[in-house]
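Asker: Below is coords.tsv; it holds TSV, N, CA and C atoms.
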```
chain	number	residue	atom	x	y	z
B	25	MET	N	20.82	14.54	-10.09
B	25	MET	CA	20.90	15.84	-9.46
B	25	MET	C	19.53	16.30	-8.97
B	26	LEU	N	18.55	16.14	-9.84
B	26	LEU	CA	17.20	16.53	-9.45
B	26	LEU	C	16.70	15.66	-8.30
B	27	ARG	N	17.09	14.37	-8.31
B	27	ARG	CA	16.72	13.47	-7.23
B	27	ARG	C	17.25	13.97	-5.89
B	28	ASN	N	18.49	14.46	-5.88
B	28	ASN	CA	19.09	14.94	-4.64
B	28	ASN	C	18.39	16.20	-4.13
B	29	ILE	N	18.00	17.06	-5.04
B	29	ILE	CA	17.29	18.28	-4.64
B	29	ILE	C	15.94	17.93	-4.03
B	30	ILE	N	15.23	17.01	-4.69
B	30	ILE	CA	13.92	16.60	-4.17
B	30	ILE	C	14.10	15.91	-2.82
B	31	GLY	N	15.13	15.07	-2.69
B	31	GLY	CA	15.40	14.41	-1.41
B	31	GLY	C	15.72	15.40	-0.31
B	32	ALA	N	16.48	16.44	-0.64
B	32	ALA	CA	16.82	17.46	0.35
B	32	ALA	C	15.57	18.23	0.79
B	33	LEU	N	14.72	18.56	-0.17
B	33	LEU	CA	13.48	19.28	0.18
B	33	LEU	C	12.57	18.40	1.04
B	34	ALA	N	12.46	17.13	0.68
B	34	ALA	CA	11.62	16.23	1.47
B	34	ALA	C	12.19	16.02	2.86
B	35	GLY	N	13.52	15.89	2.96
B	35	GLY	CA	14.14	15.73	4.27
B	35	GLY	C	13.98	16.95	5.15
B	36	ALA	N	14.12	18.13	4.56
B	36	ALA	CA	13.93	19.37	5.33
B	36	ALA	C	12.50	19.50	5.81
B	37	LYS	N	11.55	19.15	4.95
B	37	LYS	CA	10.13	19.23	5.33
B	37	LYS	C	9.80	18.22	6.43
B	38	ALA	N	10.34	17.00	6.31
B	38	ALA	CA	10.11	15.99	7.34
B	38	ALA	C	10.73	16.41	8.67
B	39	ALA	N	11.91	17.00	8.61
B	39	ALA	CA	12.56	17.46	9.84
B	39	ALA	C	11.77	18.59	10.48
B	40	GLN	N	11.19	19.44	9.65
B	40	GLN	CA	10.39	20.54	10.16
B	40	GLN	C	9.14	20.01	10.88
B	41	ARG	N	8.52	18.98	10.31
B	41	ARG	CA	7.32	18.41	10.92
B	41	ARG	C	7.65	17.60	12.17
B	42	ALA	N	8.81	16.91	12.15
B	42	ALA	CA	9.17	16.08	13.30
B	42	ALA	C	9.58	16.93	14.49
B	43	GLY	N	10.33	17.98	14.22
B	43	GLY	CA	10.74	18.87	15.29
B	43	GLY	C	11.93	18.39	16.10
B	44	THR	N	12.51	17.25	15.74
B	44	THR	CA	13.64	16.73	16.51
B	44	THR	C	14.98	17.20	15.95
B	45	VAL	N	15.06	17.48	14.67
B	45	VAL	CA	16.27	17.99	14.04
B	45	VAL	C	15.92	19.23	13.25
B	46	ASP	N	16.93	20.07	12.98
B	46	ASP	CA	16.65	21.28	12.23
B	46	ASP	C	16.56	20.98	10.72
B	47	GLY	N	16.20	21.99	9.95
B	47	GLY	CA	15.98	21.81	8.52
B	47	GLY	C	17.22	21.40	7.75
B	48	ALA	N	18.39	21.95	8.13
B	48	ALA	CA	19.63	21.62	7.42
B	48	ALA	C	20.02	20.16	7.63
B	49	THR	N	19.88	19.67	8.85
B	49	THR	CA	20.18	18.27	9.12
B	49	THR	C	19.21	17.36	8.38
B	50	GLY	N	17.96	17.73	8.34
B	50	GLY	CA	16.96	16.95	7.60
B	50	GLY	C	17.27	16.93	6.11
B	51	ALA	N	17.76	18.07	5.58
B	51	ALA	CA	18.12	18.12	4.16
B	51	ALA	C	19.28	17.18	3.86
B	52	VAL	N	20.27	17.16	4.74
B	52	VAL	CA	21.41	16.26	4.56
B	52	VAL	C	20.95	14.80	4.63
B	53	LEU	N	20.11	14.49	5.59
B	53	LEU	CA	19.58	13.13	5.71
B	53	LEU	C	18.77	12.75	4.48
B	54	GLY	N	18.03	13.69	3.92
B	54	GLY	CA	17.26	13.43	2.72
B	54	GLY	C	18.15	13.14	1.53
B	55	VAL	N	19.25	13.88	1.40
B	55	VAL	CA	20.19	13.65	0.30
B	55	VAL	C	20.86	12.30	0.45
B	56	VAL	N	21.22	11.93	1.67
B	56	VAL	CA	21.87	10.64	1.91
B	56	VAL	C	20.90	9.48	1.69
B	57	ALA	N	19.63	9.68	2.00
B	57	ALA	CA	18.65	8.60	1.88
B	57	ALA	C	18.30	8.28	0.44
B	58	VAL	N	18.42	9.24	-0.47
B	58	VAL	CA	18.02	9.01	-1.86
B	58	VAL	C	18.77	7.85	-2.50
B	59	PRO	N	20.11	7.80	-2.47
B	59	PRO	CA	20.78	6.66	-3.11
B	59	PRO	C	20.48	5.32	-2.42
B	60	LEU	N	20.30	5.36	-1.11
B	60	LEU	CA	19.99	4.12	-0.40
B	60	LEU	C	18.63	3.57	-0.80
B	61	VAL	N	17.65	4.43	-0.84
B	61	VAL	CA	16.30	4.00	-1.23
B	61	VAL	C	16.28	3.55	-2.68
B	62	THR	N	16.97	4.28	-3.54
B	62	THR	CA	17.03	3.91	-4.96
B	62	THR	C	17.65	2.54	-5.14
B	63	ARG	N	18.73	2.27	-4.45
B	63	ARG	CA	19.39	0.98	-4.57
B	63	ARG	C	18.52	-0.15	-4.04
B	64	ILE	N	17.84	0.08	-2.94
B	64	ILE	CA	16.96	-0.95	-2.38
B	64	ILE	C	15.82	-1.26	-3.35
B	65	ILE	N	15.22	-0.22	-3.91
B	65	ILE	CA	14.11	-0.42	-4.83
B	65	ILE	C	14.57	-1.15	-6.09
B	66	GLN	N	15.74	-0.80	-6.62
B	66	GLN	CA	16.24	-1.44	-7.83
B	66	GLN	C	16.56	-2.91	-7.59
B	67	ARG	N	17.13	-3.22	-6.45
B	67	ARG	CA	17.51	-4.61	-6.19
B	67	ARG	C	16.32	-5.50	-5.89
B	68	MET	N	15.30	-4.95	-5.29
B	68	MET	CA	14.16	-5.78	-4.90
B	68	MET	C	13.10	-5.87	-5.98
B	69	GLY	N	13.15	-5.04	-7.01
B	69	GLY	CA	12.17	-5.11	-8.09
B	69	GLY	C	10.78	-4.68	-7.64
B	70	PRO	N	9.75	-5.38	-8.13
B	70	PRO	CA	8.38	-4.99	-7.80
B	70	PRO	C	8.08	-5.05	-6.31
B	71	ILE	N	8.72	-5.99	-5.62
B	71	ILE	CA	8.50	-6.08	-4.17
B	71	ILE	C	9.05	-4.83	-3.49
B	72	GLY	N	10.15	-4.29	-4.01
B	72	GLY	CA	10.70	-3.05	-3.47
B	72	GLY	C	9.76	-1.88	-3.63
B	73	TRP	N	9.10	-1.81	-4.79
B	73	TRP	CA	8.13	-0.74	-5.01
B	73	TRP	C	6.96	-0.85	-4.03
B	74	ILE	N	6.49	-2.07	-3.82
B	74	ILE	CA	5.39	-2.28	-2.90
B	74	ILE	C	5.82	-1.94	-1.47
B	75	ALA	N	7.04	-2.35	-1.10
B	75	ALA	CA	7.55	-2.05	0.24
B	75	ALA	C	7.72	-0.54	0.43
B	76	ALA	N	8.20	0.15	-0.60
B	76	ALA	CA	8.37	1.60	-0.51
B	76	ALA	C	7.02	2.29	-0.36
B	77	ALA	N	6.03	1.83	-1.11
B	77	ALA	CA	4.69	2.42	-1.01
B	77	ALA	C	4.09	2.17	0.36
B	78	ALA	N	4.24	0.96	0.88
B	78	ALA	CA	3.70	0.64	2.20
B	78	ALA	C	4.42	1.45	3.28
B	79	GLY	N	5.74	1.59	3.13
B	79	GLY	CA	6.49	2.39	4.10
B	79	GLY	C	6.09	3.85	4.06
B	80	GLY	N	5.87	4.37	2.87
B	80	GLY	CA	5.40	5.76	2.76
B	80	GLY	C	4.04	5.96	3.38
B	81	TYR	N	3.16	4.99	3.17
B	81	TYR	CA	1.82	5.07	3.75
B	81	TYR	C	1.90	5.01	5.28
B	82	ALA	N	2.71	4.10	5.79
B	82	ALA	CA	2.85	3.98	7.25
B	82	ALA	C	3.45	5.24	7.85
B	83	MET	N	4.44	5.82	7.17
B	83	MET	CA	5.06	7.04	7.67
B	83	MET	C	4.06	8.20	7.64
B	84	ASN	N	3.25	8.24	6.61
B	84	ASN	CA	2.24	9.29	6.53
B	84	ASN	C	1.24	9.16	7.68
B	85	ARG	N	0.79	7.95	7.96
B	85	ARG	CA	-0.14	7.73	9.07
B	85	ARG	C	0.52	8.09	10.40
B	86	TYR	N	1.80	7.74	10.56
B	86	TYR	CA	2.51	8.04	11.79
B	86	TYR	C	2.65	9.55	11.98
B	87	MET	N	2.97	10.25	10.90
B	87	MET	CA	3.15	11.70	11.00
B	87	MET	C	1.83	12.41	11.29
B	88	GLU	N	0.72	11.82	10.87
B	88	GLU	CA	-0.58	12.41	11.16
B	88	GLU	C	-1.02	12.13	12.58
B	89	GLY	N	-0.38	11.18	13.24
B	89	GLY	CA	-0.72	10.87	14.62
B	89	GLY	C	-1.83	9.85	14.77
B	90	LYS	N	-2.13	9.12	13.68
B	90	LYS	CA	-3.17	8.10	13.75
B	90	LYS	C	-2.52	6.74	13.62
B	91	PRO	N	-2.98	5.77	14.38
B	91	PRO	CA	-2.43	4.43	14.19
B	91	PRO	C	-2.85	3.86	12.83
B	92	ALA	N	-1.97	3.11	12.20
B	92	ALA	CA	-2.23	2.59	10.86
B	92	ALA	C	-3.35	1.56	10.86
B	93	ASP	N	-3.57	0.88	11.99
B	93	ASP	CA	-4.59	-0.16	12.02
B	93	ASP	C	-5.83	0.28	12.80
B	94	ALA	N	-6.08	1.58	12.86
B	94	ALA	CA	-7.24	2.07	13.59
B	94	ALA	C	-8.51	1.67	12.85
B	95	PRO	N	-9.45	1.04	13.55
B	95	PRO	CA	-10.70	0.67	12.88
B	95	PRO	C	-11.54	1.91	12.59
B	96	LYS	N	-12.23	1.87	11.49
B	96	LYS	CA	-13.11	2.99	11.15
B	96	LYS	C	-14.39	2.86	11.95
B	97	ARG	N	-14.84	3.96	12.47
B	97	ARG	CA	-16.05	3.94	13.28
B	97	ARG	C	-17.27	4.03	12.37
B	98	ARG	N	-18.24	3.22	12.72
B	98	ARG	CA	-19.51	3.27	12.00
B	98	ARG	C	-20.47	4.11	12.82
B	99	PRO	N	-21.33	4.87	12.16
B	99	PRO	CA	-22.30	5.64	12.93
B	99	PRO	C	-23.27	4.72	13.66
B	100	ALA	N	-23.74	5.17	14.81
B	100	ALA	CA	-24.66	4.37	15.60
B	100	ALA	C	-25.98	4.21	14.85
B	101	ARG	N	-26.54	3.02	14.94
B	101	ARG	CA	-27.82	2.77	14.28
B	101	ARG	C	-28.95	3.30	15.15
B	102	ARG	N	-29.91	3.89	14.50
B	102	ARG	CA	-31.07	4.37	15.22
B	102	ARG	C	-32.06	3.23	15.40
B	103	ARG	N	-32.60	3.17	16.56
B	103	ARG	CA	-33.61	2.15	16.83
B	103	ARG	C	-34.99	2.77	16.65
B	104	SER	N	-35.83	2.07	16.00
B	104	SER	CA	-37.18	2.61	15.81
B	104	SER	C	-37.97	2.42	17.10
B	105	THR	N	-38.75	3.40	17.42
B	105	THR	CA	-39.56	3.34	18.64
B	105	THR	C	-41.00	2.98	18.34
B	106	ALA	N	-41.30	2.71	17.08
B	106	ALA	CA	-42.66	2.35	16.71
B	106	ALA	C	-43.00	0.93	17.21
B	107	ALA	N	-44.16	0.80	17.74
B	107	ALA	CA	-44.55	-0.50	18.28
B	107	ALA	C	-45.47	-1.24	17.37
```
Can the structure in the file be given as C-alpha coordinates, please?
Answerer:
Amino acid sequence: MLRNIIGALAGAKAAQRAGTVDGATGAVLGVVAVPLVTRIIQRMGPIGWIAAAAGGYAMNRYMEGKPADAPKRRPARRRSTAA
(Lines of atoms letter the chains of each structure in order from A and count residues from 1; the text may use other names and numbers.)
(Lines give C-alpha, C1' and ligand atoms only; values in the text may rest on other atoms or scores of the structure.)
Protein backbone atom coordinates (compact mmCIF):
# COMPACT_ATOMS: atom_id res chain seq x y z
CA MET A 1 0.00 0.00 0.00
CA LEU A 2 2.74 2.40 0.94
CA ARG A 3 4.57 1.44 -2.27
CA ASN A 4 1.55 2.49 -4.34
CA ILE A 5 1.28 5.83 -2.58
CA ILE A 6 4.96 6.56 -3.12
CA GLY A 7 4.64 5.47 -6.77
CA ALA A 8 1.65 7.77 -7.25
CA LEU A 9 3.49 10.71 -5.73
CA ALA A 10 6.57 10.05 -7.86
CA GLY A 11 4.45 9.67 -10.99
CA ALA A 12 2.58 12.91 -10.32
CA LYS A 13 5.85 14.76 -9.71
CA ALA A 14 7.42 13.34 -12.88
CA ALA A 15 4.34 14.30 -14.89
CA GLN A 16 4.48 17.79 -13.46
CA ARG A 17 8.12 18.17 -14.51
CA ALA A 18 7.60 16.62 -17.94
CA GLY A 19 4.60 18.76 -18.78
CA THR A 20 3.19 16.27 -21.29
CA VAL A 21 0.54 14.70 -19.03
CA ASP A 22 -1.36 16.07 -16.06
CA GLY A 23 -0.74 15.09 -12.45
CA ALA A 24 -3.60 12.58 -12.20
CA THR A 25 -2.43 10.65 -15.25
CA GLY A 26 1.12 10.64 -13.91
CA ALA A 27 -0.15 9.32 -10.57
CA VAL A 28 -1.96 6.46 -12.30
CA LEU A 29 1.14 5.66 -14.35
CA GLY A 30 3.21 5.70 -11.17
CA VAL A 31 0.86 3.25 -9.45
CA VAL A 32 0.90 0.94 -12.47
CA ALA A 33 4.70 1.10 -12.77
CA VAL A 34 5.36 0.01 -9.17
CA PRO A 35 4.42 -3.70 -9.57
CA LEU A 36 6.18 -3.89 -12.93
CA VAL A 37 9.42 -2.47 -11.60
CA THR A 38 9.21 -4.61 -8.46
CA ARG A 39 8.75 -7.78 -10.50
CA ILE A 40 11.62 -6.92 -12.83
CA ILE A 41 13.97 -6.20 -9.94
CA GLN A 42 13.00 -9.41 -8.10
CA ARG A 43 13.47 -11.61 -11.15
CA MET A 44 16.79 -10.15 -12.20
CA GLY A 45 18.41 -10.10 -8.75
CA PRO A 46 21.49 -7.94 -8.28
CA ILE A 47 21.64 -7.13 -11.98
CA GLY A 48 18.11 -5.74 -11.68
CA TRP A 49 19.17 -3.44 -8.86
CA ILE A 50 22.10 -2.19 -10.91
CA ALA A 51 19.87 -1.69 -13.96
CA ALA A 52 17.30 0.19 -11.87
CA ALA A 53 20.00 2.44 -10.42
CA ALA A 54 21.48 3.13 -13.85
CA GLY A 55 18.03 3.84 -15.27
CA GLY A 56 17.26 6.23 -12.43
CA TYR A 57 20.55 8.02 -12.97
CA ALA A 58 19.94 8.30 -16.72
CA MET A 59 16.41 9.59 -16.15
CA ASN A 60 17.68 12.15 -13.68
CA ARG A 61 20.27 13.39 -16.17
CA TYR A 62 17.62 13.51 -18.92
CA MET A 63 15.21 15.47 -16.75
CA GLU A 64 17.95 17.97 -15.92
CA GLY A 65 18.56 18.52 -19.62
CA LYS A 66 22.18 17.36 -19.61
CA PRO A 67 23.48 14.52 -21.72
CA ALA A 68 24.61 11.55 -19.62
CA ASP A 69 27.95 11.30 -21.41
CA ALA A 70 28.84 14.99 -21.37
CA PRO A 71 32.56 15.43 -20.73
CA LYS A 72 33.51 17.56 -17.77
CA ARG A 73 35.27 20.73 -18.73
CA ARG A 74 38.65 21.43 -17.27
CA PRO A 75 39.64 25.01 -16.58
CA ALA A 76 42.06 26.52 -19.07
CA ARG A 77 45.69 26.38 -18.04
CA ARG A 78 47.48 29.64 -17.60
CA ARG A 79 50.65 30.07 -19.54
CA SER A 80 53.50 31.77 -17.81
CA THR A 81 54.84 34.81 -19.57
CA ALA A 82 58.16 34.80 -17.75
CA ALA A 83 61.12 34.42 -20.04
Asker: Work out how far apart atom CA of B:Leu26 and atom CA of B:Gly54 are and give it in Å to one decimal.
Answerer: 12.6 Å
Asker: Fewer than 4 positions away in the same chain doesn't count, so skip those; otherwise give me all residues within 6 Å of stretch 32-34 of chain B, counting only N, CA and C atoms, as a short mmCIF file (atom, residue, chain, number, x, y, z; two decimals) with N, CA and C atoms, in the frame of the given file.
Answerer:
```cif
data_model
loop_
_atom_site.label_atom_id
_atom_site.label_comp_id
_atom_site.auth_asym_id
_atom_site.auth_seq_id
_atom_site.Cartn_x
_atom_site.Cartn_y
_atom_site.Cartn_z
N ARG B 27 17.09 14.37 -8.31
CA ARG B 27 16.72 13.47 -7.23
C ARG B 27 17.25 13.97 -5.89
N ASN B 28 18.49 14.46 -5.88
CA ASN B 28 19.09 14.94 -4.64
C ASN B 28 18.39 16.20 -4.13
N ALA B 38 10.34 17.00 6.31
CA ALA B 38 10.11 15.99 7.34
C ALA B 38 10.73 16.41 8.67
N ALA B 39 11.91 17.00 8.61
CA ALA B 39 12.56 17.46 9.84
C ALA B 39 11.77 18.59 10.48
N GLY B 50 17.96 17.73 8.34
CA GLY B 50 16.96 16.95 7.60
C GLY B 50 17.27 16.93 6.11
N ALA B 51 17.76 18.07 5.58
CA ALA B 51 18.12 18.12 4.16
C ALA B 51 19.28 17.18 3.86
N VAL B 52 20.27 17.16 4.74
CA VAL B 52 21.41 16.26 4.56
C VAL B 52 20.95 14.80 4.63
N GLY B 54 18.03 13.69 3.92
CA GLY B 54 17.26 13.43 2.72
C GLY B 54 18.15 13.14 1.53
N VAL B 55 19.25 13.88 1.40
CA VAL B 55 20.19 13.65 0.30
C VAL B 55 20.86 12.30 0.45
#
```
Asker: Can you tell me which residues surround stretch 74-80 of chain B at a distance of at most 12 Å, considering only C-alpha atoms, apart from same-chain residues fewer than 4 positions away, and format the answer as JSON, numbers by chain?
Answerer: {"B": [60, 61, 62, 63, 64, 65, 66, 68, 69, 70, 84, 85, 86, 87, 92]}
Asker: So the first atom is atom CA of B:Val45 and the second is atom CA of B:Met83; what is the distance between them in Å, to one decimal place?
Answerer: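 Here the two named atoms are 16.9 Å from each other.
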Asker: What is the atom CA of B:Pro59-atom CA of B:Gly35 distance in Å, reported with one decimal?
Answerer: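 Between these atoms lies a distance of 13.4 Å.
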Asker: Using only the atoms of stretch 68-78 of chain B listed in the file, plus 4 Å on each side, state the axis-aligned box centre and edge lengths in Å rounded to one decimal, as lines of an AutoDock Vina configuration file.
Answerer:
```
center_x = 9.5
center_y = -1.8
center_z = -2.4
size_x = 19.6
size_y = 16.5
size_z = 19.4
```
